[in-house]
Amino acid sequence: MNWISNYVRPKINSLFSRREVPENLWTKCPECGTMLFHRELAANLNVCTNCDHHMAISPRDRFRSLFDGGIFTDVKVPEPVADPLQFKDQKKYPERLKAAQKATGEKEAMLVAEGEMGRTPIVAVAQDFSFMAGSMGMYVGNALIAAAERAVKMKRPLVLFSAAGGARMQEGILSLMQMPRTTVAVQMLKEARLPYVVVLTHPTTGGVTASYAMLGDVQISEPNALICFAGPRVIEQTIREKLPEGFQRAEYLLDHGMLDRVTHRKQLREELITILRMLTGQPPAVKGDLPAPAELGGEPGSPDQASGAATAG
């Protein structure tokens, strides 16, 4: 009886009560190789606590860290024609879209939201590089136009966070047509005399750089972000010369007059509040008197409780 009670029963109980350990509890920094605990990394806004390397952050997490109380409302984006070219390579285009939607939990590569940042109402747009490399397709064009129209209608500044590998090849010329379309959207803001602030994140390349990502009234970048049209490897292979150290990185572009600021992610909210209040003619914000954003660092895969449930039309 003792053998059954002391050994067999605990062994059976342990088999049925064994908990699965999540595989994503630790993240390895691609820059310094430090293993970072997921809660510590999320609380630090996906910035390495050892070397300060800025890793990718999802649009929803970014908005939670920027908007007052982490509260924002999604802005509805018109749906484009699905798979207009019937494109197929190793997979069909709709299959790639479904895989990206499942992996990210988002409908497309750009999220549009509105809310308050430092008690200043704004419209914000962010690209998700993990969704097909943040590539610019018809939905992204529709999203930026919807954001600009909403900003003009509500008379609010527009803040854009870019992160893209360029145009989406599965949509061909229709993807390239988003360059002039989004340029027109930016012009709508300028004609309405509304601020358009761009924050370039790693990486911002291709047709995105050649259109709306470089048309801001104020151009800010996160540290060491790659910002270019053609990448450095392509340029080196074309001209057969070695490029300067740090070429096409944020600090290099700042030194050569293509950016206004390079700002750490943890100081970005405060700097954006200062810039937007200045551009909209509001008095400077008083430190300690502004609502705080939401704190990140929940369990992996936990639902976002901070974003608003309503959808703006």
# chains A, B, ... in the order shown; residues from 1 in each chain; ligands from 1
>>> residues_around(residues="region 74-86 of chain A", least_positions_apart="6", cutoff="10 Å", atoms="only C-alpha atoms", output="count of residues only")
38
>>> closest_atom_pairs(of="region 133-214 of chain A", to="region 253-261 of chain A", cutoff="12 Å", atoms="only C-alpha atoms", output="Markdown table")
| residue | atom | partner | partner_atom | distance |
| --- | --- | --- | --- | --- |
| A:Val197 | CA | A:Asp260 | CA | 10.7 |
| A:Val198 | CA | A:Leu259 | CA | 10.0 |
| A:Val199 | CA | A:Arg261 | CA | 9.4 |
| A:Leu200 | CA | A:Leu259 | CA | 9.5 |
| A:Thr209 | CA | A:Met258 | CA | 11.7 |
| A:Ala213 | CA | A:Leu259 | CA | 11.3 |
| A:Met214 | CA | A:Met258 | CA | 8.7 |
>>> write_last_selection(atoms="all heavy atoms", output="PDB file, in the first residue's frame")
ATOM      1  N   VAL A 197       3.955  63.748 -39.200  1.00  0.00           N
ATOM      2  CA  VAL A 197       5.239  63.372 -38.597  1.00  0.00           C
ATOM      3  C   VAL A 197       5.518  61.908 -38.912  1.00  0.00           C
ATOM      4  O   VAL A 197       4.657  61.044 -38.718  1.00  0.00           O
ATOM      5  CB  VAL A 197       5.214  63.590 -37.070  1.00  0.00           C
ATOM      6  CG1 VAL A 197       6.541  63.154 -36.449  1.00  0.00           C
ATOM      7  CG2 VAL A 197       4.926  65.050 -36.742  1.00  0.00           C
ATOM      8  N   VAL A 198       6.721  61.641 -39.407  1.00  0.00           N
ATOM      9  CA  VAL A 198       7.106  60.283 -39.791  1.00  0.00           C
ATOM     10  C   VAL A 198       8.196  59.773 -38.842  1.00  0.00           C
ATOM     11  O   VAL A 198       9.173  60.473 -38.582  1.00  0.00           O
ATOM     12  CB  VAL A 198       7.625  60.232 -41.247  1.00  0.00           C
ATOM     13  CG1 VAL A 198       8.084  58.825 -41.607  1.00  0.00           C
ATOM     14  CG2 VAL A 198       6.541  60.696 -42.207  1.00  0.00           C
ATOM     15  N   VAL A 199       7.989  58.556 -38.341  1.00  0.00           N
ATOM     16  CA  VAL A 199       9.008  57.870 -37.539  1.00  0.00           C
ATOM     17  C   VAL A 199       9.447  56.652 -38.338  1.00  0.00           C
ATOM     18  O   VAL A 199       8.676  55.711 -38.541  1.00  0.00           O
ATOM     19  CB  VAL A 199       8.463  57.438 -36.166  1.00  0.00           C
ATOM     20  CG1 VAL A 199       9.561  56.748 -35.363  1.00  0.00           C
ATOM     21  CG2 VAL A 199       7.921  58.633 -35.397  1.00  0.00           C
ATOM     22  N   LEU A 200      10.682  56.680 -38.822  1.00  0.00           N
ATOM     23  CA  LEU A 200      11.206  55.579 -39.626  1.00  0.00           C
ATOM     24  C   LEU A 200      11.839  54.545 -38.705  1.00  0.00           C
ATOM     25  O   LEU A 200      12.685  54.886 -37.872  1.00  0.00           O
ATOM     26  CB  LEU A 200      12.224  56.096 -40.643  1.00  0.00           C
ATOM     27  CG  LEU A 200      11.671  57.127 -41.630  1.00  0.00           C
ATOM     28  CD1 LEU A 200      12.237  58.512 -41.327  1.00  0.00           C
ATOM     29  CD2 LEU A 200      11.996  56.747 -43.062  1.00  0.00           C
ATOM     30  N   THR A 209      10.135  54.114 -48.903  1.00  0.00           N
ATOM     31  CA  THR A 209      11.081  55.215 -48.722  1.00  0.00           C
ATOM     32  C   THR A 209      10.919  56.244 -49.834  1.00  0.00           C
ATOM     33  O   THR A 209      11.072  57.449 -49.594  1.00  0.00           O
ATOM     34  CB  THR A 209      12.531  54.694 -48.715  1.00  0.00           C
ATOM     35  OG1 THR A 209      12.632  53.639 -47.762  1.00  0.00           O
ATOM     36  CG2 THR A 209      13.517  55.786 -48.345  1.00  0.00           C
ATOM     37  N   ALA A 213       7.120  57.732 -46.763  1.00  0.00           N
ATOM     38  CA  ALA A 213       8.007  57.675 -45.592  1.00  0.00           C
ATOM     39  C   ALA A 213       8.998  58.830 -45.533  1.00  0.00           C
ATOM     40  O   ALA A 213       9.574  59.095 -44.471  1.00  0.00           O
ATOM     41  CB  ALA A 213       8.769  56.346 -45.564  1.00  0.00           C
ATOM     42  N   MET A 214       9.217  59.524 -46.640  1.00  0.00           N
ATOM     43  CA  MET A 214      10.181  60.626 -46.645  1.00  0.00           C
ATOM     44  C   MET A 214       9.518  61.975 -46.914  1.00  0.00           C
ATOM     45  O   MET A 214      10.175  62.926 -47.314  1.00  0.00           O
ATOM     46  CB  MET A 214      11.274  60.369 -47.690  1.00  0.00           C
ATOM     47  CG  MET A 214      12.135  59.159 -47.409  1.00  0.00           C
ATOM     48  SD  MET A 214      13.016  59.211 -45.831  1.00  0.00           S
ATOM     49  CE  MET A 214      14.229  60.482 -46.138  1.00  0.00           C
TER      50      MET A 214
END
>>> residues_around(residues="Phe229 (chain A)", least_positions_apart="4", cutoff="10 Å", atoms="only C-alpha atoms", output="MDAnalysis selection string")
chainID A and resid 165:166 204:210 248
>>> closest_residue(among="A:Ala167, A:Leu194, A:Val184, A:Leu41", to="Lys155 (chain A)", atoms="only C-alpha atoms")
A:Leu194
>>> residues_around(residues="Phe129 (chain A)", least_positions_apart="5", cutoff="9 Å", atoms="only C-alpha atoms", output="VMD selection string")
chain A and resid 56 to 58 109 134 to 135 162 to 165 202 to 203
>>> write_last_selection(atoms="N, CA and C atoms", output="PDB file, in the first residue's frame")
ATOM      1  N   ALA A  56      12.066  44.602 -33.473  1.00  0.00           N
ATOM      2  CA  ALA A  56      10.744  44.913 -34.022  1.00  0.00           C
ATOM      3  C   ALA A  56       9.700  44.883 -32.909  1.00  0.00           C
ATOM      4  N   ILE A  57       8.700  45.744 -33.051  1.00  0.00           N
ATOM      5  CA  ILE A  57       7.585  45.787 -32.110  1.00  0.00           C
ATOM      6  C   ILE A  57       6.304  45.868 -32.935  1.00  0.00           C
ATOM      7  N   SER A  58       5.280  45.141 -32.532  1.00  0.00           N
ATOM      8  CA  SER A  58       4.047  45.107 -33.314  1.00  0.00           C
ATOM      9  C   SER A  58       3.345  46.465 -33.241  1.00  0.00           C
ATOM     10  N   ALA A 109      -0.769  44.543 -43.372  1.00  0.00           N
ATOM     11  CA  ALA A 109       0.534  45.030 -42.932  1.00  0.00           C
ATOM     12  C   ALA A 109       0.513  46.430 -42.346  1.00  0.00           C
ATOM     13  N   GLY A 134       6.095  43.810 -44.212  1.00  0.00           N
ATOM     14  CA  GLY A 134       5.493  45.138 -44.236  1.00  0.00           C
ATOM     15  C   GLY A 134       5.298  45.685 -45.630  1.00  0.00           C
ATOM     16  N   SER A 135       5.227  44.793 -46.618  1.00  0.00           N
ATOM     17  CA  SER A 135       5.218  45.221 -48.020  1.00  0.00           C
ATOM     18  C   SER A 135       3.996  46.070 -48.352  1.00  0.00           C
ATOM     19  N   SER A 162       6.909  53.811 -40.100  1.00  0.00           N
ATOM     20  CA  SER A 162       7.179  52.999 -41.296  1.00  0.00           C
ATOM     21  C   SER A 162       8.096  51.833 -40.964  1.00  0.00           C
ATOM     22  N   ALA A 163       7.861  50.706 -41.628  1.00  0.00           N
ATOM     23  CA  ALA A 163       8.733  49.530 -41.545  1.00  0.00           C
ATOM     24  C   ALA A 163       8.359  48.633 -42.710  1.00  0.00           C
ATOM     25  N   ALA A 164       9.182  48.597 -43.742  1.00  0.00           N
ATOM     26  CA  ALA A 164       8.768  47.872 -44.948  1.00  0.00           C
ATOM     27  C   ALA A 164       9.960  47.428 -45.775  1.00  0.00           C
ATOM     28  N   GLY A 165       9.748  46.330 -46.485  1.00  0.00           N
ATOM     29  CA  GLY A 165      10.743  45.853 -47.431  1.00  0.00           C
ATOM     30  C   GLY A 165      10.508  46.373 -48.832  1.00  0.00           C
ATOM     31  N   HIS A 202      13.356  50.296 -38.311  1.00  0.00           N
ATOM     32  CA  HIS A 202      14.172  49.320 -39.055  1.00  0.00           C
ATOM     33  C   HIS A 202      13.328  48.155 -39.555  1.00  0.00           C
ATOM     34  N   PRO A 203      13.426  47.835 -40.863  1.00  0.00           N
ATOM     35  CA  PRO A 203      14.006  48.628 -41.945  1.00  0.00           C
ATOM     36  C   PRO A 203      12.907  49.362 -42.703  1.00  0.00           C
TER      37      PRO A 203
END
>>> closest_residue(among="A:Met117, A:Ala43, A:Cys29, A:Ala192", to="Ala292 (chain A)", atoms="only C-alpha atoms")
A:Met117
>>> atom_distance(atom1="CA of Glu236 (chain A)", atom2="CA of Met169 (chain A)")
23.2 Å
